[in-house]
>>> print(open('target.txt').read())   # compact mmCIF, C-alpha atoms and all ligand atoms
# COMPACT_ATOMS: atom_id res chain seq x y z
CA MET A 1 0.00 0.00 0.00
CA SER A 2 2.60 2.53 1.09
CA ASN A 3 4.89 1.79 -1.86
CA ASP A 4 1.88 2.18 -4.15
CA VAL A 5 1.44 5.74 -2.91
CA ILE A 6 5.04 6.66 -3.68
CA GLU A 7 4.98 4.73 -6.95
CA SER A 8 1.90 6.70 -8.04
CA LEU A 9 3.95 9.92 -7.92
CA ARG A 10 6.67 8.75 -10.30
CA GLY A 11 7.05 11.15 -13.23
CA LYS A 12 4.12 13.25 -12.07
CA LEU A 13 3.02 16.74 -11.07
CA ILE A 14 2.10 17.39 -7.43
CA VAL A 15 0.22 20.60 -6.69
CA SER A 16 0.80 22.50 -3.45
CA VAL A 17 -2.37 24.19 -2.23
CA GLN A 18 -1.66 26.71 0.51
CA ALA A 19 -2.86 30.12 1.62
CA TYR A 20 -0.86 32.12 4.13
CA PRO A 21 -2.03 33.68 7.41
CA GLY A 22 -4.30 36.67 6.81
CA GLU A 23 -4.86 35.89 3.12
CA PRO A 24 -8.33 35.93 1.55
CA MET A 25 -8.25 32.26 0.50
CA ARG A 26 -7.15 30.94 3.90
CA HIS A 27 -10.13 28.72 4.57
CA PRO A 28 -10.21 24.91 4.52
CA GLU A 29 -13.24 24.73 2.22
CA THR A 30 -11.62 27.13 -0.25
CA MET A 31 -8.41 25.11 -0.18
CA ALA A 32 -10.38 21.89 -0.73
CA GLN A 33 -12.06 23.45 -3.78
CA VAL A 34 -8.71 24.54 -5.19
CA ALA A 35 -7.31 21.06 -4.54
CA LEU A 36 -10.23 19.43 -6.33
CA ALA A 37 -9.75 21.80 -9.28
CA ALA A 38 -6.06 20.84 -9.40
CA GLU A 39 -6.96 17.16 -9.30
CA ARG A 40 -9.34 17.70 -12.23
CA GLY A 41 -6.40 19.22 -14.11
CA GLY A 42 -4.34 16.09 -13.58
CA ALA A 43 -2.41 16.62 -10.34
CA ALA A 44 -1.15 13.25 -9.10
CA ALA A 45 -1.12 14.39 -5.46
CA ILE A 46 -1.89 17.44 -3.35
CA ARG A 47 0.53 18.97 -0.86
CA CYS A 48 -1.18 21.05 1.80
CA GLN A 49 -0.71 22.74 5.13
CA GLY A 50 -2.51 22.65 8.45
CA LEU A 51 -4.74 20.06 10.07
CA ALA A 52 -8.03 21.61 8.93
CA ASP A 53 -6.85 21.87 5.31
CA ILE A 54 -5.45 18.32 5.31
CA SER A 55 -8.71 16.90 6.55
CA ALA A 56 -10.91 19.03 4.26
CA ILE A 57 -8.77 18.19 1.22
CA LYS A 58 -8.57 14.49 2.07
CA GLY A 59 -12.36 14.49 2.10
CA GLN A 60 -12.52 15.93 -1.43
CA VAL A 61 -9.78 14.36 -3.54
CA ASP A 62 -8.94 10.78 -4.46
CA VAL A 63 -5.23 11.37 -5.07
CA PRO A 64 -2.71 11.07 -2.21
CA VAL A 65 -2.33 13.97 0.19
CA ILE A 66 1.06 15.14 1.38
CA GLY A 67 0.42 16.94 4.65
CA LEU A 68 2.49 19.35 6.67
CA TRP A 69 1.84 21.73 9.54
CA LYS A 70 3.62 25.06 9.57
CA GLU A 71 4.15 26.74 12.90
CA GLY A 72 6.13 29.97 13.18
CA HIS A 73 8.32 31.30 10.37
CA ASP A 74 11.86 31.38 11.70
CA GLY A 75 14.06 28.34 11.97
CA VAL A 76 12.28 25.01 11.80
CA TYR A 77 8.64 25.69 10.90
CA ILE A 78 7.53 22.95 8.51
CA THR A 79 6.12 20.18 10.74
CA PRO A 80 8.66 21.13 13.39
CA THR A 81 8.07 18.35 15.94
CA LEU A 82 7.05 14.71 16.21
CA ARG A 83 3.71 15.86 17.64
CA HIS A 84 3.02 18.00 14.56
CA ALA A 85 3.90 15.10 12.27
CA ARG A 86 1.67 12.63 14.10
CA ALA A 87 -1.20 15.12 13.98
CA CYS A 88 -0.81 15.46 10.17
CA ILE A 89 -1.10 11.69 9.82
CA MET A 90 -4.13 11.61 12.12
CA ALA A 91 -5.74 14.37 10.03
CA GLY A 92 -5.48 12.14 6.96
CA ALA A 93 -2.12 12.78 5.31
CA ASP A 94 -0.87 9.81 3.27
CA ILE A 95 2.66 11.21 3.41
CA VAL A 96 3.95 13.69 5.99
CA ALA A 97 6.41 16.39 4.89
CA ILE A 98 8.80 17.51 7.58
CA ASP A 99 11.68 19.96 7.91
CA ALA A 100 14.80 17.93 7.22
CA THR A 101 17.40 20.58 7.94
CA ARG A 102 20.09 19.99 10.53
CA ARG A 103 18.90 22.88 12.71
CA PRO A 104 17.74 22.31 16.30
CA ARG A 105 14.10 21.30 16.56
CA PRO A 106 11.70 22.77 19.12
CA ASP A 107 11.03 19.41 20.84
CA GLY A 108 14.73 18.64 21.22
CA LEU A 109 14.53 15.50 19.06
CA THR A 110 16.86 15.10 16.12
CA TYR A 111 15.50 14.61 12.61
CA THR A 112 16.72 11.02 12.75
CA GLN A 113 14.87 10.32 16.01
CA THR A 114 11.72 11.91 14.62
CA VAL A 115 11.84 9.76 11.49
CA ALA A 116 12.55 6.59 13.48
CA ALA A 117 9.46 7.15 15.64
CA LEU A 118 7.25 7.91 12.64
CA LYS A 119 8.51 4.92 10.67
CA ASP A 120 7.73 2.65 13.63
CA GLU A 121 4.17 3.91 13.31
CA GLY A 122 4.09 3.14 9.59
CA ALA A 123 4.25 6.74 8.29
CA LEU A 124 5.68 7.76 4.92
CA ILE A 125 8.07 10.69 5.17
CA MET A 126 8.98 13.41 2.69
CA ALA A 127 12.17 15.17 3.82
CA ASP A 128 12.13 18.91 3.03
CA CYS A 129 15.84 19.64 2.57
CA GLY A 130 17.74 22.89 2.16
CA SER A 131 21.14 21.55 1.12
CA ILE A 132 23.00 18.42 0.07
CA ASP A 133 24.12 17.87 3.67
CA ASP A 134 20.47 17.86 4.72
CA ALA A 135 19.72 15.33 1.98
CA ARG A 136 22.56 13.12 3.21
CA MET A 137 21.19 13.20 6.73
CA ALA A 138 17.63 12.60 5.53
CA ALA A 139 18.68 9.65 3.36
CA GLU A 140 20.71 8.14 6.21
CA ALA A 141 17.69 8.52 8.51
CA GLY A 142 15.59 6.41 6.15
CA SER A 143 13.28 9.08 4.69
CA HIS A 144 11.08 7.72 1.91
CA ILE A 145 11.36 10.85 -0.29
CA ILE A 146 13.88 13.69 -0.29
CA SER A 147 13.07 17.10 -1.74
CA THR A 148 14.60 20.50 -2.50
CA THR A 149 11.77 22.36 -0.70
CA LEU A 150 13.94 24.42 1.64
CA ALA A 151 16.71 25.34 -0.80
CA GLY A 152 17.04 29.12 -0.55
CA TYR A 153 15.09 29.29 2.71
CA SER A 154 17.36 27.73 5.33
CA GLY A 155 20.45 29.89 4.87
CA GLU A 156 22.61 27.21 3.27
CA ARG A 157 21.87 27.94 -0.38
CA GLU A 158 21.16 31.04 -2.37
CA LYS A 159 17.58 31.66 -3.34
CA THR A 160 17.69 31.06 -7.08
CA ASP A 161 15.16 32.78 -9.34
CA GLY A 162 13.71 29.50 -10.51
CA PRO A 163 14.18 25.99 -9.10
CA ASP A 164 17.55 25.09 -7.57
CA PHE A 165 18.74 22.88 -10.43
CA GLU A 166 22.22 22.52 -8.99
CA LEU A 167 20.98 20.99 -5.74
CA LEU A 168 18.47 18.83 -7.59
CA GLU A 169 21.18 17.42 -9.85
CA GLN A 170 23.46 16.75 -6.88
CA MET A 171 20.70 14.93 -5.04
CA VAL A 172 19.73 12.86 -8.06
CA ALA A 173 23.38 11.88 -8.66
CA GLU A 174 24.05 10.96 -5.03
CA PHE A 175 20.81 9.14 -4.33
CA PRO A 176 19.84 7.25 -7.48
CA ASP A 177 17.69 4.84 -5.46
CA LEU A 178 15.64 7.44 -3.60
CA PRO A 179 12.75 9.46 -5.02
CA VAL A 180 14.04 13.03 -5.32
CA ILE A 181 11.27 15.61 -5.62
CA CYS A 182 11.95 19.09 -6.94
CA GLU A 183 9.96 21.74 -5.08
CA GLY A 184 10.33 25.49 -4.81
CA ARG A 185 10.05 28.26 -7.40
CA VAL A 186 8.98 26.06 -10.32
CA HIS A 187 7.09 28.78 -12.12
CA SER A 188 6.33 27.49 -15.62
CA PRO A 189 5.53 24.27 -17.48
CA GLN A 190 8.95 24.61 -19.18
CA GLN A 191 10.72 24.63 -15.83
CA ALA A 192 8.64 21.67 -14.68
CA ARG A 193 9.73 19.76 -17.80
CA GLN A 194 13.36 20.77 -17.20
CA VAL A 195 13.38 19.46 -13.63
CA MET A 196 11.92 16.15 -14.78
CA ASP A 197 14.61 15.95 -17.48
CA ALA A 198 17.18 16.61 -14.75
CA GLY A 199 16.05 13.39 -13.07
CA ALA A 200 13.41 14.51 -10.57
CA TYR A 201 11.06 11.71 -9.51
CA ALA A 202 8.21 14.23 -9.36
CA VAL A 203 7.76 17.99 -9.24
CA VAL A 204 5.77 20.12 -6.79
CA VAL A 205 4.30 23.38 -8.05
CA GLY A 206 2.57 25.71 -5.61
CA THR A 207 2.56 29.46 -6.17
CA ALA A 208 2.39 29.34 -9.99
CA ILE A 209 -0.83 27.30 -9.88
CA THR A 210 -2.58 28.10 -6.62
CA HIS A 211 -1.53 31.55 -5.42
CA PRO A 212 -3.49 34.17 -7.40
CA THR A 213 -2.05 37.13 -5.52
CA SER A 214 1.50 36.23 -6.58
CA ILE A 215 0.50 35.34 -10.13
CA THR A 216 -1.37 38.63 -10.46
CA SER A 217 1.65 40.56 -9.22
CA TRP A 218 3.86 38.88 -11.87
CA PHE A 219 1.52 40.21 -14.55
CA VAL A 220 1.18 43.61 -12.89
CA ASN A 221 4.95 43.97 -12.76
CA ALA A 222 5.14 43.11 -16.45
CA VAL A 223 2.38 45.55 -17.41
CA ASN A 224 3.10 48.54 -15.17
CA LYS A 225 6.04 50.65 -16.15
C1 LIG B 1 9.78 27.41 1.88
C2 LIG B 1 8.37 27.03 2.21
O1 LIG B 1 7.89 27.34 3.28
N1 LIG B 1 7.71 26.32 1.27
C3 LIG B 1 6.35 25.90 1.47
C4 LIG B 1 6.27 24.47 1.65
O2 LIG B 1 5.30 23.81 1.78
C5 LIG B 1 5.34 26.55 0.55
O3 LIG B 1 5.18 27.86 1.03
C6 LIG B 1 5.65 26.60 -0.96
O4 LIG B 1 4.60 27.26 -1.59
C7 LIG B 1 5.82 25.22 -1.58
O5 LIG B 1 7.05 24.71 -1.18
C8 LIG B 1 5.79 25.20 -3.11
O6 LIG B 1 6.76 26.07 -3.64
P1 LIG B 1 6.37 27.20 -4.71
O7 LIG B 1 5.21 27.93 -4.12
O8 LIG B 1 7.61 28.05 -4.83
O9 LIG B 1 6.01 26.49 -6.00
>>> encode(input="target.txt", output="structure tokens")
Amino acid sequence: MSNDVIESLRGKLIVSVQAYPGEPMRHPETMAQVALAAERGGAAAIRCQGLADISAIKGQVDVPVIGLWKEGHDGVYITPTLRHARACIMAGADIVAIDATRRPRPDGLTYTQTVAALKDEGALIMADCGSIDDARMAAEAGSHIISTTLAGYSGEREKTDGPDFELLEQMVAEFPDLPVICEGRVHSPQQARQVMDAGAYAVVVGTAITHPTSITSWFVNAVNK
């Protein structure tokens, strides 16, 4: 069953459906509608944030749900503790995405200890990495999927304009047997194709599909002089 979930993502597009605190679309029902619309367009899985969104989206879509829970915005904020990860699973996530940087975690557990506990409970783990050293640690810990999610956000790599191809290529070369997902700043179908050609197992696109305020501002910046 679990391997079927990961296998179903191979070569596919995953859509991240998230609204940020204070934003007009920050409502679980709205997020579930956006997720369903993305599924209709062919998304192979939905990545989403927060217990209410995970459960609302799980109730709407048939594709797997990758759940996370963001708390805070400095340091480790993507599913920062074992408690947050367990809650995502309880809310219905098929895969839980967790911060896989080497920074201290609020509950004092290491990433490796967190993964060990979750694996004992049968969870599937997506490791949100910010550097190749994070990926090495995440692979060693037995993560099921490693991703470039935190490249440009954890202080170890520059924030590239588009996806961090260099990190992706390094991860793909070093871990040929692990699914490597490219996530972060994939802003066009061309870039999505390019990351797949670079060896990504799957690609996550968020902002460019599901964040109208950002997309609008891209057009506004192009139009306004
Ligand atoms: C760094 C961080 O907190 N990333 C978050 C992770 O879930 C989301 O805010 C991003 O939207 C997601 O990673 C998809 O990326 P993009 O929206 O660039 O396609």
>>> residues_around(input="target.txt", residues="Val195 in chain A", least_positions_apart="6", cutoff="10 Å", atoms="all atoms listed in the file", output="list in words")
Pro163, Asp164, Phe165, Leu168, Glu169, Ile181, Cys182, Glu183, Val186, Pro189, Tyr201, Ala202 and Val203 of chain A
>>> closest_residue(input="target.txt", among="A:Ala123, A:Ile215, A:Val223, A:Ala32", to="ligand LIG 1 (chain B)", atoms="only C-alpha atoms and all ligand atoms")
A:Ile215
>>> residues_near_ligand(input="target.txt", ligand="ligand LIG 1 (chain B)", cutoff="6 Å", atoms="all atoms listed in the file", output="PDB file with C-alpha atoms, in the coordinates of the input")
ATOM      1  CA  SER A  16       0.800  22.500  -3.450  1.00  0.00           C
ATOM      2  CA  THR A 149      11.770  22.360  -0.700  1.00  0.00           C
ATOM      3  CA  LEU A 150      13.940  24.420   1.640  1.00  0.00           C
ATOM      4  CA  TYR A 153      15.090  29.290   2.710  1.00  0.00           C
ATOM      5  CA  GLU A 183       9.960  21.740  -5.080  1.00  0.00           C
ATOM      6  CA  GLY A 184      10.330  25.490  -4.810  1.00  0.00           C
ATOM      7  CA  ARG A 185      10.050  28.260  -7.400  1.00  0.00           C
ATOM      8  CA  VAL A 186       8.980  26.060 -10.320  1.00  0.00           C
ATOM      9  CA  VAL A 205       4.300  23.380  -8.050  1.00  0.00           C
ATOM     10  CA  GLY A 206       2.570  25.710  -5.610  1.00  0.00           C
ATOM     11  CA  THR A 207       2.560  29.460  -6.170  1.00  0.00           C
TER      12      THR A 207
END
>>> closest_residue(input="target.txt", among="A:Gly67, A:Pro176, A:Pro106, A:Gly162", to="Val17 in chain A", atoms="all atoms listed in the file")
A:Gly67
>>> residues_around(input="target.txt", residues="range 53-58 of chain A", least_positions_apart="4", cutoff="12 Å", atoms="only C-alpha atoms", output="PyMOL selection string")
chain A and resi 16-20+25-39+45-49+62-70+87-96
>>> closest_residue(input="target.txt", among="A:Leu82, A:Ile209, A:Arg157, A:Arg10", to="Gly41 in chain A", atoms="all atoms listed in the file")
A:Ile209
>>> atom_distance(input="target.txt", atom1="CA of Asp128 in chain A", atom2="CA of Leu51 in chain A")
18.3 Å
>>> atom_distance(input="target.txt", atom1="CA of Thr210 in chain A", atom2="CA of Pro21 in chain A")
15.1 Å
>>> closest_residue(input="target.txt", among="A:Gln113, A:Gln170, A:Ala139, A:Pro179", to="Leu9 in chain A", atoms="only C-alpha atoms")
A:Pro179
>>> closest_residue(input="target.txt", among="A:Val76, A:Ala52, A:Val15, A:Ala43", to="Ala208 in chain A", atoms="all atoms listed in the file")
A:Val15
>>> closest_residue(input="target.txt", among="A:Val172, A:Val180, A:Ile14, A:Leu167", to="Met126 in chain A", atoms="all atoms listed in the file")
A:Val180
>>> atom_distance(input="target.txt", atom1="CA of Ala135 in chain A", atom2="CA of Thr110 in chain A")
14.4 Å
>>> residues_around(input="target.txt", residues="Ser131 in chain A", least_positions_apart="5", cutoff="9 Å", atoms="all atoms listed in the file", output="NGL selection string")
:A and (101 or 136 or 148 or 150-152 or 154 or 156-157 or 167)
>>> residues_around(input="target.txt", residues="Ile98 in chain A", least_positions_apart="3", cutoff="6 Å", atoms="only C-alpha atoms", output="ChimeraX atom specification")
/A:78-79,127-128
>>> residues_near_point(input="target.txt", point="(5.2, 5.5, 15.1)", cutoff="12 Å", atoms="all atoms listed in the file", output="number ranges by chain")
A: 82-83, 85-87, 89-90, 113-125
>>> write_last_selection(input="target.txt", atoms="C-alpha atoms", output="PDB file, in the frame of the given file")
ATOM      1  CA  LEU A  82       7.050  14.710  16.210  1.00  0.00           C
ATOM      2  CA  ARG A  83       3.710  15.860  17.640  1.00  0.00           C
ATOM      3  CA  ALA A  85       3.900  15.100  12.270  1.00  0.00           C
ATOM      4  CA  ARG A  86       1.670  12.630  14.100  1.00  0.00           C
ATOM      5  CA  ALA A  87      -1.200  15.120  13.980  1.00  0.00           C
ATOM      6  CA  ILE A  89      -1.100  11.690   9.820  1.00  0.00           C
ATOM      7  CA  MET A  90      -4.130  11.610  12.120  1.00  0.00           C
ATOM      8  CA  GLN A 113      14.870  10.320  16.010  1.00  0.00           C
ATOM      9  CA  THR A 114      11.720  11.910  14.620  1.00  0.00           C
ATOM     10  CA  VAL A 115      11.840   9.760  11.490  1.00  0.00           C
ATOM     11  CA  ALA A 116      12.550   6.590  13.480  1.00  0.00           C
ATOM     12  CA  ALA A 117       9.460   7.150  15.640  1.00  0.00           C
ATOM     13  CA  LEU A 118       7.250   7.910  12.640  1.00  0.00           C
ATOM     14  CA  LYS A 119       8.510   4.920  10.670  1.00  0.00           C
ATOM     15  CA  ASP A 120       7.730   2.650  13.630  1.00  0.00           C
ATOM     16  CA  GLU A 121       4.170   3.910  13.310  1.00  0.00           C
ATOM     17  CA  GLY A 122       4.090   3.140   9.590  1.00  0.00           C
ATOM     18  CA  ALA A 123       4.250   6.740   8.290  1.00  0.00           C
ATOM     19  CA  LEU A 124       5.680   7.760   4.920  1.00  0.00           C
ATOM     20  CA  ILE A 125       8.070  10.690   5.170  1.00  0.00           C
TER      21      ILE A 125
END
>>> decode(input="target.txt", residues="range 72-84 of chain A", atoms="all heavy atoms", output="compact mmCIF listing (two decimals), in the first residue's frame")
# COMPACT_ATOMS: atom_id res chain seq x y z
N GLY A 72 5.07 28.97 13.12
CA GLY A 72 6.13 29.97 13.18
C GLY A 72 6.69 30.23 11.79
O GLY A 72 6.18 29.68 10.79
N HIS A 73 7.70 31.10 11.69
CA HIS A 73 8.32 31.30 10.37
C HIS A 73 9.82 31.41 10.42
O HIS A 73 10.47 31.50 9.40
CB HIS A 73 7.70 32.49 9.62
CG HIS A 73 7.19 33.57 10.52
ND1 HIS A 73 8.03 34.43 11.15
CD2 HIS A 73 5.93 33.89 10.90
CE1 HIS A 73 7.30 35.25 11.90
NE2 HIS A 73 6.03 34.95 11.77
N ASP A 74 10.39 31.36 11.62
CA ASP A 74 11.86 31.38 11.70
C ASP A 74 12.33 29.98 12.07
O ASP A 74 11.63 29.27 12.78
CB ASP A 74 12.34 32.36 12.78
CG ASP A 74 11.96 33.79 12.42
OD1 ASP A 74 12.02 34.12 11.23
OD2 ASP A 74 11.56 34.53 13.35
N GLY A 75 13.51 29.64 11.63
CA GLY A 75 14.06 28.34 11.97
C GLY A 75 13.19 27.22 11.43
O GLY A 75 12.67 27.30 10.32
N VAL A 76 13.02 26.19 12.24
CA VAL A 76 12.28 25.01 11.80
C VAL A 76 10.79 25.26 11.95
O VAL A 76 10.28 25.38 13.06
CB VAL A 76 12.71 23.78 12.65
CG1 VAL A 76 11.89 22.55 12.29
CG2 VAL A 76 14.20 23.51 12.46
N TYR A 77 10.08 25.40 10.82
CA TYR A 77 8.64 25.69 10.90
C TYR A 77 7.77 24.73 10.11
O TYR A 77 6.55 24.72 10.26
CB TYR A 77 8.35 27.15 10.50
CG TYR A 77 8.70 27.47 9.07
CD1 TYR A 77 7.78 27.27 8.05
CD2 TYR A 77 9.96 27.96 8.73
CE1 TYR A 77 8.11 27.54 6.72
CE2 TYR A 77 10.30 28.24 7.42
CZ TYR A 77 9.37 28.03 6.42
OH TYR A 77 9.71 28.28 5.12
N ILE A 78 8.36 23.91 9.25
CA ILE A 78 7.53 22.95 8.51
C ILE A 78 7.47 21.65 9.32
O ILE A 78 8.46 20.93 9.44
CB ILE A 78 8.07 22.68 7.09
CG1 ILE A 78 8.01 23.96 6.24
CG2 ILE A 78 7.29 21.54 6.42
CD1 ILE A 78 8.47 23.79 4.81
N THR A 79 6.31 21.37 9.88
CA THR A 79 6.12 20.18 10.74
C THR A 79 7.32 20.06 11.69
O THR A 79 8.11 19.11 11.60
CB THR A 79 5.93 18.90 9.87
OG1 THR A 79 5.17 19.22 8.71
CG2 THR A 79 5.21 17.82 10.65
N PRO A 80 7.43 21.02 12.62
CA PRO A 80 8.66 21.13 13.39
C PRO A 80 8.90 20.03 14.42
O PRO A 80 10.05 19.80 14.80
CB PRO A 80 8.52 22.49 14.10
CG PRO A 80 7.06 22.79 14.10
CD PRO A 80 6.49 22.13 12.88
N THR A 81 7.85 19.35 14.88
CA THR A 81 8.07 18.35 15.94
C THR A 81 7.36 17.04 15.59
O THR A 81 6.50 16.98 14.69
CB THR A 81 7.50 18.82 17.30
OG1 THR A 81 6.06 18.83 17.21
CG2 THR A 81 7.99 20.22 17.68
N LEU A 82 7.70 16.02 16.37
CA LEU A 82 7.05 14.71 16.21
C LEU A 82 5.54 14.84 16.42
O LEU A 82 4.74 14.23 15.70
CB LEU A 82 7.67 13.74 17.24
CG LEU A 82 7.14 12.32 17.27
CD1 LEU A 82 7.27 11.63 15.91
CD2 LEU A 82 7.87 11.50 18.34
N ARG A 83 5.15 15.65 17.39
CA ARG A 83 3.71 15.86 17.64
C ARG A 83 3.01 16.43 16.40
O ARG A 83 1.94 15.96 16.01
CB ARG A 83 3.55 16.82 18.83
CG ARG A 83 2.11 17.24 19.12
CD ARG A 83 2.02 18.13 20.35
NE ARG A 83 2.67 19.42 20.18
CZ ARG A 83 2.08 20.50 19.64
NH1 ARG A 83 0.85 20.42 19.19
NH2 ARG A 83 2.74 21.63 19.52
N HIS A 84 3.62 17.43 15.78
CA HIS A 84 3.02 18.00 14.56
C HIS A 84 2.89 16.93 13.47
O HIS A 84 1.88 16.86 12.77
CB HIS A 84 3.88 19.15 14.04
CG HIS A 84 3.85 20.40 14.86
ND1 HIS A 84 4.57 20.56 16.02
CD2 HIS A 84 3.17 21.56 14.69
CE1 HIS A 84 4.34 21.77 16.52
NE2 HIS A 84 3.49 22.40 15.73
